[in-house]
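Participant: This is input.cif, which holds mmCIF, C-alpha atoms:
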data_start
#
loop_
_atom_site.label_atom_id
_atom_site.label_comp_id
_atom_site.auth_asym_id
_atom_site.auth_seq_id
_atom_site.Cartn_x
_atom_site.Cartn_y
_atom_site.Cartn_z
CA MET W 4 16.74 -57.23 -26.20
CA PRO W 5 13.63 -55.26 -25.13
CA ILE W 6 11.38 -57.29 -27.43
CA ALA W 7 12.77 -60.60 -26.17
CA GLY W 8 12.63 -59.36 -22.59
CA LEU W 9 9.01 -58.26 -22.91
CA ALA W 10 8.12 -61.61 -24.42
CA LEU W 11 9.76 -63.57 -21.57
CA PHE W 12 9.15 -61.35 -18.53
CA PRO W 13 5.37 -61.96 -18.25
CA ILE W 14 5.85 -65.70 -18.72
CA LEU W 15 8.54 -65.93 -16.04
CA PHE W 16 6.49 -63.96 -13.49
CA ASN W 17 3.02 -65.23 -14.41
CA LEU W 18 1.80 -61.82 -15.63
CA PRO W 19 -0.43 -60.90 -18.59
CA LEU W 20 1.28 -61.03 -21.98
CA VAL W 21 2.55 -57.73 -23.32
CA LEU W 22 3.54 -58.50 -26.90
CA LEU W 23 1.30 -60.31 -29.33
CA PRO W 24 2.29 -61.22 -32.92
CA ALA W 25 0.74 -58.03 -34.35
CA HIS W 26 2.86 -55.94 -31.97
CA ILE W 27 6.09 -57.63 -33.02
CA ALA W 28 5.22 -57.14 -36.70
CA PHE W 29 4.57 -53.43 -36.01
CA LEU W 30 7.93 -53.07 -34.25
CA GLU W 31 9.72 -54.77 -37.14
CA LEU W 32 8.17 -52.18 -39.48
CA ILE W 33 10.09 -49.56 -37.49
CA ILE W 34 13.33 -51.41 -36.79
CA ASP W 35 13.96 -52.89 -40.26
CA PRO W 36 13.65 -49.62 -42.25
CA ALA W 37 15.74 -47.83 -39.62
CA CYS W 38 18.55 -50.36 -39.97
CA SER W 39 18.41 -50.61 -43.74
CA THR W 40 17.73 -47.01 -44.76
CA VAL W 41 18.06 -44.46 -41.95
CA PHE W 42 21.56 -45.42 -40.85
CA GLU W 43 22.71 -45.89 -44.46
CA ALA W 44 21.40 -42.45 -45.44
CA GLU W 45 23.11 -40.68 -42.55
CA PRO W 46 26.08 -38.60 -43.79
CA GLU W 47 29.48 -39.32 -42.27
CA GLU W 48 30.60 -37.39 -39.22
CA LYS W 49 32.39 -34.11 -39.99
CA ASN W 50 35.49 -35.10 -38.05
CA ILE W 51 35.78 -38.54 -39.62
CA MET W 52 39.03 -37.76 -41.44
CA ASN W 53 40.62 -36.54 -38.19
CA ARG W 54 40.11 -39.88 -36.45
CA SER W 55 42.73 -42.56 -36.42
CA PRO W 56 41.83 -45.54 -38.57
CA ARG W 57 40.53 -48.65 -36.87
CA ASN W 58 43.26 -51.14 -36.08
CA LEU W 59 43.04 -53.98 -38.59
CA GLN W 60 43.54 -56.50 -35.77
CA GLU W 61 40.58 -55.07 -33.85
CA ARG W 62 37.30 -56.92 -34.18
CA MET W 63 34.49 -55.20 -36.05
CA PHE W 64 32.19 -55.66 -33.05
CA GLY W 65 34.46 -55.49 -30.04
CA ARG W 66 33.67 -55.56 -26.36
CA LYS W 67 33.05 -51.83 -26.20
CA ASN W 68 30.38 -51.94 -28.93
CA LEU W 69 28.80 -55.04 -27.45
CA ALA W 70 28.77 -53.52 -23.95
CA LEU W 71 27.17 -50.30 -25.21
CA SER W 72 24.51 -52.26 -27.09
CA LEU W 73 23.75 -54.36 -24.02
CA VAL W 74 23.47 -51.32 -21.78
CA GLN W 75 21.15 -49.60 -24.26
CA GLY W 76 18.97 -52.71 -24.50
CA ILE W 77 18.87 -53.24 -20.74
CA SER W 78 18.06 -49.56 -20.18
CA MET W 79 15.15 -49.70 -22.63
CA LEU W 80 13.92 -52.98 -21.16
CA ALA W 81 14.05 -51.57 -17.64
CA GLY W 82 12.02 -48.53 -18.73
CA VAL W 83 9.28 -50.49 -20.47
CA ILE W 84 9.05 -53.11 -17.71
CA ALA W 85 8.79 -50.29 -15.16
CA VAL W 86 5.83 -48.86 -17.10
CA PHE W 87 4.22 -52.31 -17.35
CA LEU W 88 4.60 -53.00 -13.62
CA TYR W 89 3.46 -49.48 -12.74
CA ALA W 90 0.29 -49.95 -14.80
CA LEU W 91 -0.47 -53.28 -13.16
CA HIS W 92 0.31 -51.89 -9.69
CA MET W 93 -2.06 -48.96 -10.27
CA GLY W 94 -4.85 -51.43 -10.97
CA LYS W 95 -5.01 -50.80 -14.67
CA GLY W 96 -6.23 -53.75 -16.68
CA GLU W 97 -4.26 -55.97 -19.02
CA ALA W 98 -5.17 -53.88 -22.08
CA ASP W 99 -4.13 -50.63 -20.37
CA ALA W 100 -0.80 -52.12 -19.26
CA ARG W 101 -0.16 -53.54 -22.73
CA THR W 102 -1.00 -50.23 -24.42
CA LEU W 103 1.20 -48.13 -22.14
CA THR W 104 4.09 -50.56 -22.44
CA PHE W 105 3.88 -50.91 -26.21
CA ALA W 106 3.66 -47.15 -26.81
CA THR W 107 6.64 -46.62 -24.49
CA LEU W 108 8.61 -49.25 -26.40
CA VAL W 109 7.88 -47.51 -29.72
CA ILE W 110 8.97 -44.11 -28.37
CA ALA W 111 12.10 -45.64 -26.80
CA ASN W 112 12.99 -47.31 -30.12
CA LEU W 113 12.63 -44.05 -32.01
CA THR W 114 14.71 -42.26 -29.38
CA LEU W 115 17.37 -44.97 -29.65
CA ILE W 116 17.51 -44.59 -33.43
CA VAL W 117 18.01 -40.82 -33.21
CA ALA W 118 20.52 -41.13 -30.36
CA ASN W 119 22.68 -43.59 -32.30
CA LEU W 120 22.78 -41.69 -35.59
CA SER W 121 25.57 -39.34 -34.58
CA TRP W 122 28.27 -39.37 -31.91
CA SER W 123 29.20 -35.72 -32.44
CA GLN W 124 26.02 -33.80 -33.31
CA SER W 125 23.43 -32.55 -30.88
CA LEU W 126 20.00 -34.11 -30.86
CA ILE W 127 18.53 -31.04 -32.59
CA LYS W 128 21.15 -31.14 -35.35
CA THR W 129 20.54 -34.86 -35.81
CA LEU W 130 16.79 -34.33 -36.11
CA SER W 131 17.23 -31.41 -38.52
CA SER W 132 19.76 -33.21 -40.71
CA GLU W 133 19.02 -33.83 -44.36
CA ASN W 134 18.40 -37.52 -43.71
CA LYS W 135 14.99 -37.90 -45.38
CA ALA W 136 14.83 -41.59 -44.45
CA LEU W 137 14.91 -40.59 -40.76
CA ARG W 138 11.95 -38.27 -41.24
CA TYR W 139 9.99 -40.95 -43.10
CA VAL W 140 10.63 -43.54 -40.39
CA LEU W 141 9.77 -41.12 -37.56
CA VAL W 142 6.60 -39.84 -39.23
CA GLY W 143 5.58 -43.34 -40.34
CA ALA W 144 6.14 -44.89 -36.92
CA LEU W 145 4.38 -42.11 -35.02
CA SER W 146 1.48 -42.08 -37.51
CA GLY W 147 1.17 -45.85 -37.23
CA LEU W 148 1.21 -45.62 -33.44
CA VAL W 149 -1.53 -42.96 -33.46
CA LEU W 150 -3.62 -45.12 -35.80
CA VAL W 151 -3.37 -48.29 -33.68
CA LEU W 152 -4.11 -46.30 -30.53
CA TYR W 153 -6.99 -44.15 -31.73
CA VAL W 154 -8.76 -45.95 -34.62
CA PRO W 155 -11.23 -48.25 -32.84
CA ALA W 156 -10.94 -51.17 -35.30
CA LEU W 157 -7.14 -51.15 -35.16
CA ARG W 158 -7.11 -50.62 -31.40
CA SER W 159 -9.35 -53.67 -31.02
CA MET W 160 -7.16 -55.75 -33.36
CA PHE W 161 -4.06 -54.87 -31.30
CA ARG W 162 -5.98 -55.40 -28.03
CA PHE W 163 -5.17 -51.90 -26.86
CA SER W 164 -7.07 -49.46 -24.72
CA LEU W 165 -7.42 -45.72 -25.24
CA LEU W 166 -4.49 -43.63 -23.98
CA HIS W 167 -5.29 -40.32 -22.29
CA GLY W 168 -3.15 -37.24 -21.75
CA ASP W 169 -1.52 -38.43 -18.53
CA ASP W 170 -0.81 -41.80 -20.16
CA LEU W 171 0.88 -40.09 -23.10
CA LEU W 172 3.03 -38.09 -20.70
CA ILE W 173 4.24 -41.31 -19.06
CA VAL W 174 4.89 -42.90 -22.45
CA CYS W 175 6.91 -39.94 -23.75
CA LEU W 176 8.87 -39.36 -20.54
CA VAL W 177 9.87 -42.96 -19.92
CA GLY W 178 10.39 -43.68 -23.62
CA THR W 179 12.85 -40.84 -23.99
CA LEU W 180 14.45 -40.95 -20.53
CA SER W 181 15.27 -44.65 -20.82
CA ILE W 182 17.74 -43.63 -23.54
CA ALA W 183 18.57 -40.07 -22.37
CA TRP W 184 21.68 -41.25 -20.53
CA LEU W 185 23.19 -42.00 -23.95
CA ARG W 186 23.31 -38.30 -24.78
CA LEU W 187 25.29 -37.68 -21.58
CA LEU W 188 27.65 -40.51 -22.44
CA LYS W 189 28.19 -39.06 -25.90
CA SER W 190 29.00 -35.66 -24.38
CA GLN W 191 31.62 -37.23 -22.10
CA ILE W 192 33.18 -39.21 -24.95
CA ASN W 193 33.27 -36.17 -27.24
CA ASN W 194 34.90 -34.05 -24.51
CA ASN W 195 37.61 -36.69 -24.05
CA ILE W 196 38.43 -36.96 -27.78
#
Just give me the structure of the file as structure tokens.
Facilitator:
Amino acid sequence: MPIAGLALFPILFNLPLVLLPAHIAFLELIIDPACSTVFEAEPEEKNIMNRSPRNLQERMFGRKNLALSLVQGISMLAGVIAVFLYALHMGKGEADARTLTFATLVIANLTLIVANLSWSQSLIKTLSSENKALRYVLVGALSGLVLVLYVPALRSMFRFSLLHGDDLLIVCLVGTLSIAWLRLLKSQINNNI
């Protein structure tokens, strides 16, 4: 949803484009391995045998799962669009707005992956789990992001500008806070189980 939203939003409101083909390819290099390896490598929850089995008549992807996915996607989209509009409002150029928005989207995606790995563990336990695929995806994505932001040839190819310390603070705060509500939701659900 955030990728589609960022592709459509500038067109609908006659703003500079955020995502170019190279950006979408980069994002797919994060999302695809996360879906195919990180979630598969995650061990089952410790309380899995204490849960009631899923009703056979219940759909695999019911309304609750769909609603949660939509809320997560809308929350991420709102965060990255807020960064994009903030950058434009502050008089930053197209490249600055694109860079801030893209970096925020990458951080939000990584936060979303970690937040969805476990419904019972804390964030610290999830990050320190023995899921090597998670570490590879996190290190690979963050290393790739640093390369496209700070290697001049790559930065030029991606049509990015240089991010400074205050920019990185915005990227990290909005990227993580756009998904932070999920941790609170998990706490409420776990307390009610």
Participant: Do you have the CA of Ala44 (chain W)-CA of Ile110 (chain W) distance handy?
Facilitator: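 Taking CA of Ala44 (chain W) and CA of Ile110 (chain W), their separation equals 21.2 Å.
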Participant: Of the residues W:Val109, W:Ala183, W:Val86, W:Leu103, which is the one nearest to Gly168 (chain W), using only C-alpha atoms?
Facilitator: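 Among W:Val109, W:Ala183, W:Val86, W:Leu103, it is W:Leu103 that comes nearest to Gly168 (chain W).
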Participant: One decimal, in Å: what's the spacing between CA of Tyr89 (chain W) and CA of Asp170 (chain W)?
Facilitator: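 Distance between the two atoms: 11.5 Å.
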Participant: Please write as a ChimeraX atom specification the full residue list that the PyMOL selection byres ((chain W and resi 141) around 10) yields on this file.
Facilitator: /W:33,37,41,110,113-114,116-117,130,135-140,142-147
Participant: Please measure the separation of CA of Arg54 (chain W) and CA of Gly76 (chain W), giving the value in Å to one decimal.
Facilitator: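 Between CA of Arg54 (chain W) and CA of Gly76 (chain W) the gap works out to 27.5 Å.
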